[in-house]
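Here's the structure, in structure tokens; my notes come after.
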Amino acid sequence: MGNHPFLFGTLAVLIFLFFTVENKRSGKKISPNTLGTLVNSQNAQIIDIRAKKKFETGYIQGSRNIPFTQLKDRLEEIRAIEAPVVVVCDMGIQAGAAVQMIGKPNVFRLDGGIGGWQAAGMPLVGGTVKKSKTVDGKAKVKAK
């Protein structure tokens, strides 16, 4: 580092540019704590792009399910929403692609997705637990 300050400086600039471009490419993020504020103050709409089966295991209250595979067919519907839109997926990665596809300035992705939401201690609704067959005298629990 001391022998090659120019190379070290160039490397630092390249790393900074990489993260700047990557952040813009994957859309604006909002934290799980900010999501509630955005919904309450600006009536933000939550679009969950997970597959229907995953959505039914538990989702953020007030969200609606538009699976990523159907997103292209429903872009105009989403673009017509005046309020801010927050896109939710499993970990926040696929939501970045969805935000880019939608292409509106007031569209965000939930940082960390559903996993980040749960890690922040926030609740999910709609998930039901169903008892299934008994094996060796013990009831197996199966998520519906």
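A note on labels: chains of the structure tokens are A, B, ... as shown, every chain counts residues from 1, and ligands are counted from 1 in their shown order.
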Residues within 8 Å of Val107 of chain A, only C-alpha atoms, excluding chain neighbours under 5 positions, as a VMD selection string | chain A and resid 27 to 28 84 to 87 99 102
Residues at most 12 Å from segment 35-44 of chain A, counting only C-alpha atoms, excluding those fewer than 6 positions away in the same chain, as a ChimeraX atom specification? /A:29,60-64,81-88,106-111,113,116-117,120,122-123
Requested in this report: Determine the nearest neighbour of Ile78 of chain A from the options A:Ala51, A:Ile15, A:Ile46, A:Ala97, counting only C-alpha atoms.
Outcome: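 For Ile78 of chain A, the nearest of the given residues is A:Ile46.
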TODO: For Ile114 of chain A, please output as a ChimeraX atom specification all residues within 9 Å (counting only C-alpha atoms; exclusion window: fewer than 6 positions along the same chain).
DONE: /A:59-60,88-92,124
Selection from above, N, CA and C atoms, as a CSV table (one decimal), in the first residue's frame, can you write it?
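The resulting result_28.csv:
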chain,number,residue,atom,x,y,z
A,59,TYR,N,-47.4,-13.6,5.3
A,59,TYR,CA,-47.1,-12.4,4.5
A,59,TYR,C,-47.3,-11.2,5.4
A,60,ILE,N,-46.8,-10.1,4.9
A,60,ILE,CA,-46.9,-8.8,5.6
A,60,ILE,C,-48.4,-8.3,5.5
A,88,VAL,N,-41.7,-6.9,-2.2
A,88,VAL,CA,-41.2,-7.8,-1.2
A,88,VAL,C,-40.9,-9.2,-1.8
A,89,CYS,N,-39.8,-9.8,-1.5
A,89,CYS,CA,-39.5,-11.2,-1.9
A,89,CYS,C,-38.9,-11.9,-0.7
A,90,ASP,N,-38.2,-13.0,-1.0
A,90,ASP,CA,-37.7,-13.8,0.1
A,90,ASP,C,-36.5,-13.1,0.8
A,91,MET,N,-35.5,-12.6,0.1
A,91,MET,CA,-34.3,-12.0,0.7
A,91,MET,C,-34.0,-10.6,0.2
A,92,GLY,N,-34.8,-10.1,-0.7
A,92,GLY,CA,-34.6,-8.7,-1.2
A,92,GLY,C,-33.9,-8.7,-2.5
A,124,LEU,N,-45.9,-11.8,10.7
A,124,LEU,CA,-46.5,-12.2,9.4
A,124,LEU,C,-47.9,-12.6,9.7
